[in-house]
file start.cif (mmCIF, C-alpha atoms)
data_upload
#
loop_
_atom_site.label_atom_id
_atom_site.label_comp_id
_atom_site.auth_asym_id
_atom_site.auth_seq_id
_atom_site.Cartn_x
_atom_site.Cartn_y
_atom_site.Cartn_z
CA MET A 4 -8.30 14.31 -1.66
CA SER A 5 -7.64 12.10 1.31
CA ALA A 6 -4.14 11.30 2.42
CA PRO A 7 -3.25 7.61 2.57
CA GLU A 8 -3.63 6.26 6.09
CA HIS A 9 -0.74 3.77 6.20
CA LYS A 10 2.94 4.06 5.37
CA TRP A 11 2.72 1.45 2.59
CA GLU A 12 -0.14 3.39 1.02
CA ARG A 13 1.91 6.61 1.01
CA GLN A 14 4.90 4.77 -0.48
CA ALA A 15 2.76 3.09 -3.16
CA ASP A 16 1.12 6.40 -4.05
CA ALA A 17 4.53 8.09 -4.30
CA ALA A 18 6.05 5.33 -6.42
CA LEU A 19 3.09 5.11 -8.76
CA GLY A 20 2.88 8.89 -8.98
CA LEU A 21 6.54 9.06 -9.94
CA ALA A 22 6.11 6.30 -12.54
CA ALA A 23 3.08 8.08 -14.01
CA SER A 24 4.99 11.38 -14.11
CA LEU A 25 7.93 9.78 -15.91
CA LEU A 26 5.63 8.05 -18.39
CA LEU A 27 3.76 11.28 -19.09
CA PHE A 28 7.04 13.17 -19.47
CA GLY A 29 8.33 10.53 -21.89
CA MET A 30 5.13 10.82 -23.94
CA MET A 31 5.54 14.59 -24.01
CA VAL A 32 9.18 14.39 -25.15
CA LEU A 33 8.36 11.80 -27.82
CA THR A 34 5.46 13.89 -29.13
CA PHE A 35 7.57 17.05 -29.15
CA PHE A 36 10.36 15.47 -31.18
CA ASP A 37 7.88 13.74 -33.48
CA VAL A 38 6.13 17.05 -34.22
CA VAL A 39 9.45 18.88 -34.73
CA GLY A 40 10.69 16.09 -36.97
CA ARG A 41 7.44 15.92 -38.91
CA TYR A 42 6.91 19.62 -39.56
CA LEU A 43 10.40 21.14 -39.53
CA LEU A 44 12.55 18.31 -40.89
CA ASN A 45 9.91 16.36 -42.80
CA ARG A 46 11.09 13.23 -40.91
CA PRO A 47 8.63 12.03 -38.27
CA ILE A 48 9.69 9.45 -35.68
CA ARG A 49 8.65 6.05 -36.98
CA GLY A 50 6.00 4.49 -34.69
CA ALA A 51 5.74 7.47 -32.36
CA PHE A 52 1.94 7.44 -32.54
CA GLU A 53 1.81 3.74 -31.62
CA VAL A 54 4.15 4.16 -28.68
CA THR A 55 2.11 7.14 -27.47
CA GLU A 56 -1.12 5.13 -27.74
CA LEU A 57 0.31 2.23 -25.75
CA ALA A 58 1.84 4.53 -23.14
CA LEU A 59 -1.51 6.29 -22.76
CA LEU A 60 -3.21 2.92 -22.24
CA VAL A 61 -0.71 2.08 -19.50
CA LEU A 62 -1.10 5.49 -17.90
CA ILE A 63 -4.90 5.37 -17.83
CA PHE A 64 -5.27 1.81 -16.60
CA ALA A 65 -2.47 2.13 -14.03
CA GLY A 66 -4.33 5.14 -12.63
CA LEU A 67 -7.64 3.31 -12.28
CA PRO A 68 -6.85 1.55 -8.96
CA LEU A 69 -5.26 4.75 -7.63
CA VAL A 70 -8.39 6.76 -8.36
CA SER A 71 -10.53 4.12 -6.67
CA HIS A 72 -8.24 3.97 -3.65
CA ALA A 73 -8.31 7.75 -3.23
CA ASP A 74 -12.11 7.98 -3.80
CA GLU A 75 -11.50 10.51 -6.56
CA HIS A 76 -14.16 9.31 -8.96
CA VAL A 77 -16.84 11.55 -10.28
CA THR A 78 -19.71 10.86 -7.90
CA MET A 79 -23.28 11.96 -7.49
CA ASP A 80 -24.12 12.19 -3.83
CA PHE A 81 -27.70 13.41 -4.00
CA ILE A 82 -28.93 10.12 -2.51
CA ASP A 83 -26.30 10.18 0.25
CA ARG A 84 -27.62 13.48 1.56
CA LEU A 85 -31.17 12.15 1.88
CA LEU A 86 -30.20 9.15 4.00
CA PRO A 87 -29.62 9.06 7.74
CA GLN A 88 -25.96 8.76 8.74
CA ARG A 89 -26.12 5.03 9.48
CA LEU A 90 -27.71 4.26 6.12
CA ARG A 91 -25.17 6.48 4.32
CA VAL A 92 -22.28 4.33 5.48
CA ALA A 93 -24.16 1.18 4.43
CA TRP A 94 -24.98 2.80 1.07
CA ILE A 95 -21.32 3.69 0.47
CA ARG A 96 -20.20 0.18 1.38
CA GLY A 97 -22.88 -1.24 -0.91
CA MET A 98 -21.74 0.94 -3.79
CA HIS A 99 -18.17 -0.27 -3.28
CA ALA A 100 -19.48 -3.85 -3.42
CA VAL A 101 -21.32 -3.10 -6.68
CA CYS A 102 -18.21 -1.41 -8.11
CA ALA A 103 -16.10 -4.43 -7.12
CA ALA A 104 -18.54 -6.81 -8.83
CA ILE A 105 -18.52 -4.68 -12.00
CA MET A 106 -14.72 -4.49 -12.01
CA PHE A 107 -14.38 -8.27 -11.60
CA PHE A 108 -16.86 -8.82 -14.43
CA LEU A 109 -14.91 -6.41 -16.65
CA ALA A 110 -11.61 -8.10 -15.70
CA TRP A 111 -13.06 -11.49 -16.65
CA GLN A 112 -14.31 -10.19 -20.01
CA THR A 113 -11.02 -8.39 -20.68
CA TRP A 114 -9.10 -11.57 -19.81
CA ILE A 115 -11.13 -13.46 -22.43
CA LYS A 116 -10.43 -10.73 -25.00
CA ALA A 117 -6.72 -10.67 -24.08
CA GLY A 118 -6.51 -14.41 -24.71
CA LYS A 119 -8.05 -13.99 -28.15
CA ILE A 120 -5.78 -11.07 -29.04
CA ALA A 121 -2.68 -12.92 -27.82
CA GLY A 122 -3.81 -16.04 -29.67
CA TYR A 123 -4.18 -14.13 -32.93
CA GLY A 124 -0.74 -12.59 -32.40
CA ASP A 125 -2.09 -9.06 -32.94
CA THR A 126 0.60 -6.39 -33.21
CA THR A 127 0.74 -2.69 -33.92
CA ASP A 128 1.01 -1.75 -37.59
CA VAL A 129 4.36 -0.01 -37.77
CA LEU A 130 6.57 -1.30 -34.96
CA ARG A 131 4.92 -4.72 -34.66
CA ILE A 132 4.61 -4.47 -30.87
CA ALA A 133 2.51 -7.32 -29.47
CA VAL A 134 -0.84 -5.99 -28.21
CA GLY A 135 -1.73 -8.98 -26.02
CA PRO A 136 0.49 -8.06 -23.05
CA PHE A 137 -1.11 -4.63 -22.91
CA VAL A 138 -4.59 -6.13 -22.77
CA TYR A 139 -3.42 -8.49 -20.01
CA PHE A 140 -2.09 -5.41 -18.19
CA MET A 141 -5.52 -3.83 -18.54
CA THR A 142 -7.04 -7.00 -17.07
CA ALA A 143 -4.67 -6.93 -14.09
CA THR A 144 -5.34 -3.28 -13.27
CA ILE A 145 -9.10 -3.71 -13.60
CA ALA A 146 -8.93 -6.72 -11.25
CA LEU A 147 -6.75 -4.74 -8.83
CA THR A 148 -9.37 -1.99 -8.89
CA GLY A 149 -11.97 -4.62 -7.98
CA PHE A 150 -9.85 -5.65 -4.98
CA VAL A 151 -9.51 -2.00 -3.95
CA HIS A 152 -13.31 -1.74 -3.88
CA VAL A 153 -13.58 -4.99 -1.87
CA PHE A 154 -11.12 -3.46 0.60
CA LYS A 155 -13.26 -0.32 0.74
CA VAL A 156 -16.39 -2.34 1.52
CA PHE A 157 -14.77 -3.09 4.87
CA ARG A 158 -12.87 0.19 5.25
CA PRO A 159 -14.48 2.95 3.16
CA GLY A 160 -11.69 5.46 3.81
CA ALA A 161 -11.45 8.67 5.76
CA ALA A 162 -12.64 11.07 3.04
CA ARG A 163 -15.69 9.07 2.01
CA ALA A 164 -16.63 8.23 5.60
CA ALA A 165 -16.38 11.93 6.47
CA GLN A 166 -18.72 12.72 3.56
CA ALA A 167 -21.13 10.15 4.90
CA THR A 168 -21.25 11.81 8.30
CA THR A 169 -21.75 15.39 7.08
#
call {"tool": "encode", "arguments": {"input": "start.cif", "output": "structure tokens"}}
result
Amino acid sequence: MSAPEHKWERQADAALGLAASLLLFGMMVLTFFDVVGRYLLNRPIRGAFEVTELALLVLIFAGLPLVSHADEHVTMDFIDRLLPQRLRVAWIRGMHAVCAAIMFFLAWQTWIKAGKIAGYGDTTDVLRIAVGPFVYFMTATIALTGFVHVFKVFRPGAARAAQATT
């Protein structure tokens, strides 16, 4: 894992890491009390499953740009190793450009879907939480991930660049 290179990157990573930790802890506490209530007291927490689902959605999609920024995806580098060093860097930059294009396409499609969901007024079954804002959140984080990859086209990052030179 590469360390962020700028102060703002370290601060963003720390803040987002703390938010993710708190969200995960909250999900754990909610699940614990729901299970205890369900099996020991025969009184589950109403809507706990829905809240957990939505929190998991937020956790996963909020992590997407962080994973891209840190170059922590699952990658196959068998082609990288066959290329000369100069072509490796170009290949990595090209892959970031392809990833950015895919992310922007997905953000566009998710935006369309979010509009439909919000227009229908879809809600969760038990607590009647509106689903549209969560799909818009997904759209925003996917688009942000696209911008991270655009950034990496021009500055691939220390860890990935080091891989390209070894």
call {"tool": "atom_distance", "arguments": {"input": "start.cif", "atom1": "CA of Val32 in chain A", "atom2": "CA of Leu130 in chain A"}}
result
18.7 Å
call {"tool": "atom_distance", "arguments": {"input": "start.cif", "atom1": "CA of Ala17 in chain A", "atom2": "CA of Ser71 in chain A"}}
result
15.8 Å
call {"tool": "residues_around", "arguments": {"input": "start.cif", "residues": "range 93-101 of chain A", "least_positions_apart": "2", "cutoff": "6 Å", "atoms": "all atoms listed in the file", "output": "PyMOL selection string"}}
result
chain A and resi 90-91+103-104+152+156
call {"tool": "residues_around", "arguments": {"input": "start.cif", "residues": "Leu59 in chain A", "least_positions_apart": "6", "cutoff": "10 Å", "atoms": "only C-alpha atoms", "output": "MDAnalysis selection string"}}
result
chainID A and resid 26:27 30 53 65
call {"tool": "atom_distance", "arguments": {"input": "start.cif", "atom1": "CA of Lys155 in chain A", "atom2": "CA of Phe107 in chain A"}}
result
14.7 Å
call {"tool": "closest_residue", "arguments": {"input": "start.cif", "among": "A:Gly124, A:Phe150, A:Val61, A:Leu44", "to": "Ala23 in chain A", "atoms": "only C-alpha atoms"}}
result
A:Val61
call {"tool": "residues_around", "arguments": {"input": "start.cif", "residues": "Gly118 in chain A", "least_positions_apart": "2", "cutoff": "12 Å", "atoms": "all atoms listed in the file", "output": "VMD selection string"}}
result
chain A and resid 111 to 116 120 to 125 134 to 140 142
call {"tool": "decode", "arguments": {"input": "start.cif", "residues": "range 49-111 of chain A", "atoms": "C-alpha atoms", "output": "PDB file, in the first residue's frame"}}
result
ATOM      1  CA  ARG A  49     -37.620  -3.211  13.309  1.00  0.00           C
ATOM      2  CA  GLY A  50     -35.863  -2.332  10.024  1.00  0.00           C
ATOM      3  CA  ALA A  51     -32.402  -3.379  11.174  1.00  0.00           C
ATOM      4  CA  PHE A  52     -31.819  -5.392   8.002  1.00  0.00           C
ATOM      5  CA  GLU A  53     -32.745  -2.416   5.799  1.00  0.00           C
ATOM      6  CA  VAL A  54     -30.476  -0.046   7.688  1.00  0.00           C
ATOM      7  CA  THR A  55     -27.638  -2.563   7.466  1.00  0.00           C
ATOM      8  CA  GLU A  56     -28.174  -2.947   3.703  1.00  0.00           C
ATOM      9  CA  LEU A  57     -28.105   0.804   3.136  1.00  0.00           C
ATOM     10  CA  ALA A  58     -25.076   1.284   5.394  1.00  0.00           C
ATOM     11  CA  LEU A  59     -23.262  -1.466   3.499  1.00  0.00           C
ATOM     12  CA  LEU A  60     -24.067   0.282   0.212  1.00  0.00           C
ATOM     13  CA  VAL A  61     -22.593   3.519   1.570  1.00  0.00           C
ATOM     14  CA  LEU A  62     -19.534   1.728   2.918  1.00  0.00           C
ATOM     15  CA  ILE A  63     -18.785  -0.095  -0.333  1.00  0.00           C
ATOM     16  CA  PHE A  64     -19.328   2.821  -2.679  1.00  0.00           C
ATOM     17  CA  ALA A  65     -17.513   5.314  -0.430  1.00  0.00           C
ATOM     18  CA  GLY A  66     -14.531   2.962  -0.507  1.00  0.00           C
ATOM     19  CA  LEU A  67     -14.430   2.723  -4.294  1.00  0.00           C
ATOM     20  CA  PRO A  68     -12.563   6.007  -4.922  1.00  0.00           C
ATOM     21  CA  LEU A  69     -10.228   5.255  -2.005  1.00  0.00           C
ATOM     22  CA  VAL A  70      -9.289   1.882  -3.457  1.00  0.00           C
ATOM     23  CA  SER A  71      -8.652   3.475  -6.845  1.00  0.00           C
ATOM     24  CA  HIS A  72      -6.581   6.261  -5.315  1.00  0.00           C
ATOM     25  CA  ALA A  73      -4.428   3.789  -3.384  1.00  0.00           C
ATOM     26  CA  ASP A  74      -4.057   1.404  -6.375  1.00  0.00           C
ATOM     27  CA  GLU A  75      -5.363  -1.434  -4.221  1.00  0.00           C
ATOM     28  CA  HIS A  76      -7.471  -3.148  -6.853  1.00  0.00           C
ATOM     29  CA  VAL A  77      -7.015  -6.750  -7.752  1.00  0.00           C
ATOM     30  CA  THR A  78      -4.730  -6.544 -10.762  1.00  0.00           C
ATOM     31  CA  MET A  79      -3.153  -8.930 -13.200  1.00  0.00           C
ATOM     32  CA  ASP A  80       0.279  -7.694 -14.147  1.00  0.00           C
ATOM     33  CA  PHE A  81       1.413 -10.460 -16.467  1.00  0.00           C
ATOM     34  CA  ILE A  82       1.391  -8.046 -19.428  1.00  0.00           C
ATOM     35  CA  ASP A  83       3.273  -5.361 -17.475  1.00  0.00           C
ATOM     36  CA  ARG A  84       6.208  -7.697 -16.929  1.00  0.00           C
ATOM     37  CA  LEU A  85       6.563  -8.418 -20.648  1.00  0.00           C
ATOM     38  CA  LEU A  86       6.788  -4.769 -21.670  1.00  0.00           C
ATOM     39  CA  PRO A  87       9.846  -2.538 -21.610  1.00  0.00           C
ATOM     40  CA  GLN A  88       9.840   0.039 -18.815  1.00  0.00           C
ATOM     41  CA  ARG A  89       8.756   2.937 -21.032  1.00  0.00           C
ATOM     42  CA  LEU A  90       5.818   0.985 -22.432  1.00  0.00           C
ATOM     43  CA  ARG A  91       4.817  -0.170 -18.934  1.00  0.00           C
ATOM     44  CA  VAL A  92       4.227   3.394 -17.793  1.00  0.00           C
ATOM     45  CA  ALA A  93       2.215   4.111 -20.959  1.00  0.00           C
ATOM     46  CA  TRP A  94       0.246   0.881 -20.432  1.00  0.00           C
ATOM     47  CA  ILE A  95      -0.574   1.826 -16.822  1.00  0.00           C
ATOM     48  CA  ARG A  96      -1.661   5.312 -17.875  1.00  0.00           C
ATOM     49  CA  GLY A  97      -3.767   3.796 -20.649  1.00  0.00           C
ATOM     50  CA  MET A  98      -5.445   1.410 -18.226  1.00  0.00           C
ATOM     51  CA  HIS A  99      -6.290   4.334 -15.949  1.00  0.00           C
ATOM     52  CA  ALA A 100      -7.834   6.100 -18.954  1.00  0.00           C
ATOM     53  CA  VAL A 101      -9.916   3.003 -19.755  1.00  0.00           C
ATOM     54  CA  CYS A 102     -10.973   2.701 -16.098  1.00  0.00           C
ATOM     55  CA  ALA A 103     -11.957   6.383 -16.065  1.00  0.00           C
ATOM     56  CA  ALA A 104     -14.061   5.944 -19.207  1.00  0.00           C
ATOM     57  CA  ILE A 105     -15.795   2.885 -17.726  1.00  0.00           C
ATOM     58  CA  MET A 106     -16.465   4.693 -14.446  1.00  0.00           C
ATOM     59  CA  PHE A 107     -17.948   7.713 -16.235  1.00  0.00           C
ATOM     60  CA  PHE A 108     -20.153   5.414 -18.330  1.00  0.00           C
ATOM     61  CA  LEU A 109     -21.316   3.616 -15.167  1.00  0.00           C
ATOM     62  CA  ALA A 110     -21.947   6.958 -13.418  1.00  0.00           C
ATOM     63  CA  TRP A 111     -24.065   8.112 -16.361  1.00  0.00           C
TER      64      TRP A 111
END
